[in-house]
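Read through the structure below, which is laid out as structure tokens, and then see the notes.
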Amino acid sequence: MASDDIWILGIKMTKFGKHPDKDIVDLASEAAMAALADGGVTMKDIGILAAGNLMGGGGVGQQIQKQIGQTGIPVYNVSNACATGATALRTAIMAVKAGEVDMGLAVGVEKLAGAGLLGAGGKAKSDKKVYEPKGRYGAVGSVDGRIGTDSMPGVFAQVGMEYGHKYGGASFELFAKISEKNHAHSTLNPLAAYTKRMTLEEIMNDVMIAYPNTRSMCSANCDGAAAAVVVSGAKLKTLSLEQQRRAIKVKASVLTTDPWQEACQVLPDVNTLTKNAARIAYEQAGVGPNDLDLVELHDCFATAELVHYDNLGLCEEGGAADFFMSGASWRDGKTPVNVSGGLESKGHPIAATGIANIWEVCHHLRGEAGDRQIEGAKVGLAHVIGLGSACGIHILEKSGL
Amino acid sequence: MSKQIPFVDYLVLGDKPHLVANECTGCGARFFDRRNACASCFGTLFKKVDIVTEGELRAFSIVTFAAPGVKVPFVSAIVDCGGTSVRCTLTNVEPSPEHVKLGMKVRLALVPVGADDEGTEAINYGFEPA
């Protein structure tokens, strides 16, 4: 192991679901302490804490320290939409890579159970009594519903439909089948919020949220946390053989935003920044899509999973529908995608997601995934995207020891 | 007759209602809102351009679940108006997959939103099947 490599030494996620008895600090602390124990280290070893949380009101990093150990190290509280967890991890990685510290801790936590529809706001939309132009569009009232949709299920429905319009082959049934796969995968994941296998019929006949996304094709709002300890190659060499054997190499760590595209002002472009991040990540890692033994990608909606097959280069350009229909992304396929159950069934506690998907990949690379183990997994990729937009991609590799 | 105002400032009412964009004089990128500098080339000079009123449906979703106060169902859509993408709600069409098709031709239509307490009527835009 090269001294300037970055490794994940310890990593854990909590059970995703409803945690009415725990607040975000409890959940984050549970994940953080479990990640430290998994890595065989304590807060004394940690030189930086990056804490991700979106909906909690800020400053969660310092609150976590008060529960698990106040050592005076710098805290970075990060918020980057659905890429918050990946951003926290990348913050810790950058600090280690810069040589400022040799070990860092990243935590992502969210409480979202019962949060309802995201993006459009929970408050009732009402107009002023006297019209007054407001905001950058000079609107005299709420535009949601009157000029398209602000809701996430609707926005991502359009993303999938746009792909279908460009390349063909994307029907309501195809999107539902993607969801069927992820719900089937979730039955093997005890930490998933929902582990019920659903038939295609049940999915298609579920409550329609925003055509073509029914309720079971949408990511599940839930509570959860995940945490990871990252370490430099130089430091890892000084640790035990068991720690070195279980450590997972970070082959690539990339964060991008959306470059300007013609239509991005009216429909967020989730494609270009993912393609850019994937290209950079494959270059950094020296691997290609065909080398991946498993992929956890951001299926915030079934319509999103389809476009990311293409964006991550898992198929030929325009070939996402054929790629899926070939069975390639099922757990016994060529490139298993979302064997955790994905956001649609594992759940999507926003800031936890970008570390939890890395835990899933590491779990398989370590050969510790039990019933859902992808046999012989050596290299995996984790992807998240936050609308606005931010894309995080990490490529991970099993230790050679 | 009561006073009419556009629902958003990039809608121009009158004899030939249409949308206007701020076009970067350097690279031609178009924006419906104001920008401090062009997001594409960082230029700071913009001119107003009219957007063609006919287009093609490039993406849509039939939204059946929305925030309180938002009337459902409605068809959210992205329309390609001669190379400029426009976000809108479709009007004068049944909100069902049988009636809304990708690639269908649509045109700008006006949608009254109602009057405020001073009797000023706001007029919104939508797109309808051409």
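Here's how to read the names in the structure tokens: chain A, B, ... by the order shown, residue numbers from 1 in each chain, ligand numbers from 1 in the order shown.
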Exercise. Using only C-alpha atoms, find which residues of chain A lie within 6 Å of chain B and jot them down as a ChimeraX atom specification.
Key: /A:120,124-125,129-130,136-140,145-149,154,157-158,161-162,209-211,260,263,266
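Here CA of Leu387 in chain A stands at a distance of 25.2 Å from CA of Phe323 in chain A.
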Quiz prompt | Surrounding residues of range 240-251 of chain A excluding itself and chain neighbours under 6 positions, 6 Å, only C-alpha atoms, as JSON, numbers by chain | solution = {"A": [6, 7, 8, 9, 285, 395, 396, 397, 398, 399, 401]}
Quiz prompt | Members of range 200-378 of chain A assigned strand (DSSP E or B) by DSSP, as a ChimeraX atom specification | solution = /A:208-211,213-214,218,223-232,248-257,294-296,301,337
Just the selected residues (N, CA and C atoms), exported as an mmCIF file, in the first residue's frame, please.
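Output (part.cif):
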data_model
loop_
_atom_site.group_PDB
_atom_site.id
_atom_site.type_symbol
_atom_site.label_atom_id
_atom_site.label_comp_id
_atom_site.auth_asym_id
_atom_site.auth_seq_id
_atom_site.Cartn_x
_atom_site.Cartn_y
_atom_site.Cartn_z
ATOM 1 N N MET A 208 -50.407 6.450 -7.545
ATOM 2 C CA MET A 208 -49.598 7.229 -8.487
ATOM 3 C C MET A 208 -49.211 8.545 -7.831
ATOM 4 N N ILE A 209 -47.912 8.840 -7.827
ATOM 5 C CA ILE A 209 -47.442 10.116 -7.250
ATOM 6 C C ILE A 209 -47.224 11.120 -8.384
ATOM 7 N N ALA A 210 -46.374 10.763 -9.311
ATOM 8 C CA ALA A 210 -46.134 11.611 -10.486
ATOM 9 C C ALA A 210 -45.781 10.662 -11.627
ATOM 10 N N TYR A 211 -46.744 10.467 -12.531
ATOM 11 C CA TYR A 211 -46.556 9.510 -13.618
ATOM 12 C C TYR A 211 -45.233 9.755 -14.314
ATOM 13 N N ASN A 213 -44.002 7.597 -11.954
ATOM 14 C CA ASN A 213 -43.540 7.092 -10.652
ATOM 15 C C ASN A 213 -44.700 6.868 -9.686
ATOM 16 N N THR A 214 -44.957 5.595 -9.345
ATOM 17 C CA THR A 214 -45.915 5.318 -8.280
ATOM 18 C C THR A 214 -45.162 5.371 -6.948
ATOM 19 N N CYS A 218 -40.707 5.465 -5.643
ATOM 20 C CA CYS A 218 -40.075 6.657 -5.059
ATOM 21 C C CYS A 218 -39.195 6.229 -3.889
ATOM 22 N N ASP A 223 -35.470 7.441 8.714
ATOM 23 C CA ASP A 223 -34.393 7.904 9.584
ATOM 24 C C ASP A 223 -33.188 6.987 9.413
ATOM 25 N N GLY A 224 -32.002 7.546 9.613
ATOM 26 C CA GLY A 224 -30.823 6.696 9.575
ATOM 27 C C GLY A 224 -29.548 7.508 9.609
ATOM 28 N N ALA A 225 -28.456 6.805 9.867
ATOM 29 C CA ALA A 225 -27.141 7.441 9.876
ATOM 30 C C ALA A 225 -26.110 6.452 9.383
ATOM 31 N N ALA A 226 -24.996 6.986 8.935
ATOM 32 C CA ALA A 226 -23.869 6.148 8.517
ATOM 33 C C ALA A 226 -22.600 6.939 8.788
ATOM 34 N N ALA A 227 -21.502 6.226 9.041
ATOM 35 C CA ALA A 227 -20.242 6.893 9.356
ATOM 36 C C ALA A 227 -19.074 6.074 8.847
ATOM 37 N N ALA A 228 -17.980 6.756 8.551
ATOM 38 C CA ALA A 228 -16.784 6.082 8.047
ATOM 39 C C ALA A 228 -15.526 6.730 8.616
ATOM 40 N N VAL A 229 -14.526 5.892 8.904
ATOM 41 C CA VAL A 229 -13.210 6.369 9.322
ATOM 42 C C VAL A 229 -12.276 6.203 8.132
ATOM 43 N N VAL A 230 -11.624 7.281 7.720
ATOM 44 C CA VAL A 230 -10.661 7.179 6.621
ATOM 45 C C VAL A 230 -9.253 7.378 7.170
ATOM 46 N N VAL A 231 -8.296 6.709 6.532
ATOM 47 C CA VAL A 231 -6.923 6.718 7.046
ATOM 48 C C VAL A 231 -5.949 6.787 5.873
ATOM 49 N N SER A 232 -4.797 7.375 6.121
ATOM 50 C CA SER A 232 -3.767 7.429 5.076
ATOM 51 C C SER A 232 -3.083 6.068 4.958
ATOM 52 N N ILE A 248 -10.500 -0.867 3.110
ATOM 53 C CA ILE A 248 -10.941 -0.789 1.709
ATOM 54 C C ILE A 248 -10.299 0.437 1.067
ATOM 55 N N LYS A 249 -9.675 0.211 -0.072
ATOM 56 C CA LYS A 249 -8.967 1.310 -0.737
ATOM 57 C C LYS A 249 -9.936 2.230 -1.476
ATOM 58 N N VAL A 250 -9.746 3.532 -1.266
ATOM 59 C CA VAL A 250 -10.529 4.518 -2.019
ATOM 60 C C VAL A 250 -9.758 4.787 -3.315
ATOM 61 N N LYS A 251 -10.223 4.142 -4.393
ATOM 62 C CA LYS A 251 -9.518 4.261 -5.685
ATOM 63 C C LYS A 251 -9.843 5.584 -6.364
ATOM 64 N N ALA A 252 -11.019 6.109 -6.077
ATOM 65 C CA ALA A 252 -11.412 7.401 -6.649
ATOM 66 C C ALA A 252 -12.409 8.065 -5.723
ATOM 67 N N SER A 253 -12.266 9.374 -5.592
ATOM 68 C CA SER A 253 -13.218 10.170 -4.807
ATOM 69 C C SER A 253 -13.441 11.456 -5.583
ATOM 70 N N VAL A 254 -14.657 11.629 -6.079
ATOM 71 C CA VAL A 254 -14.925 12.746 -7.000
ATOM 72 C C VAL A 254 -16.225 13.445 -6.614
ATOM 73 N N LEU A 255 -16.200 14.764 -6.708
ATOM 74 C CA LEU A 255 -17.417 15.557 -6.521
ATOM 75 C C LEU A 255 -17.512 16.548 -7.675
ATOM 76 N N THR A 256 -18.665 16.595 -8.323
ATOM 77 C CA THR A 256 -18.852 17.557 -9.419
ATOM 78 C C THR A 256 -20.160 18.333 -9.207
ATOM 79 N N THR A 257 -20.275 19.436 -9.938
ATOM 80 C CA THR A 257 -21.557 20.140 -10.022
ATOM 81 C C THR A 257 -21.965 20.187 -11.485
ATOM 82 N N LEU A 294 -19.964 -4.508 -8.398
ATOM 83 C CA LEU A 294 -21.279 -4.041 -7.967
ATOM 84 C C LEU A 294 -21.311 -2.513 -7.973
ATOM 85 N N VAL A 295 -22.521 -1.980 -8.112
ATOM 86 C CA VAL A 295 -22.730 -0.528 -8.165
ATOM 87 C C VAL A 295 -23.916 -0.176 -7.270
ATOM 88 N N GLU A 296 -23.721 0.820 -6.414
ATOM 89 C CA GLU A 296 -24.850 1.399 -5.686
ATOM 90 C C GLU A 296 -25.053 2.779 -6.299
ATOM 91 N N PHE A 301 -35.613 7.775 -7.577
ATOM 92 C CA PHE A 301 -36.859 7.354 -8.222
ATOM 93 C C PHE A 301 -36.480 6.316 -9.279
ATOM 94 N N VAL A 337 -26.720 -3.883 -9.656
ATOM 95 C CA VAL A 337 -26.956 -2.495 -9.244
ATOM 96 C C VAL A 337 -27.960 -2.460 -8.096
#
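For the residues B:Gly43, B:Gly14, B:Gly82, B:Gly26, ranking by smallest atom-to-atom distance to Gly55 in chain B using only C-alpha atoms places B:Gly82 first.
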Quiz item: Looking only at the backbone, which of the residues in range 100-259 of chain A does DSSP tag as alpha helix (DSSP H), as a PyMOL selection string?
Solution: chain A and resi 152-167+172-186+200-204+233-236+241-246
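Distances to Gly327 in chain A were evaluated for A:Ala34, A:Ala352, A:Met217, A:Ile178 using only C-alpha atoms, and the minimum falls at A:Ile178.
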Self-check item: Proximity to Met104 in chain B - best of B:Cys81, B:Val52, B:Ala130, B:Val20, only C-alpha atoms
Solution: B:Ala130
Quiz item: Pick the closest to Asn271 in chain A from A:Leu54, A:Leu239, A:Cys391, A:Val25: which is it, counting only C-alpha atoms?
Solution: A:Cys391
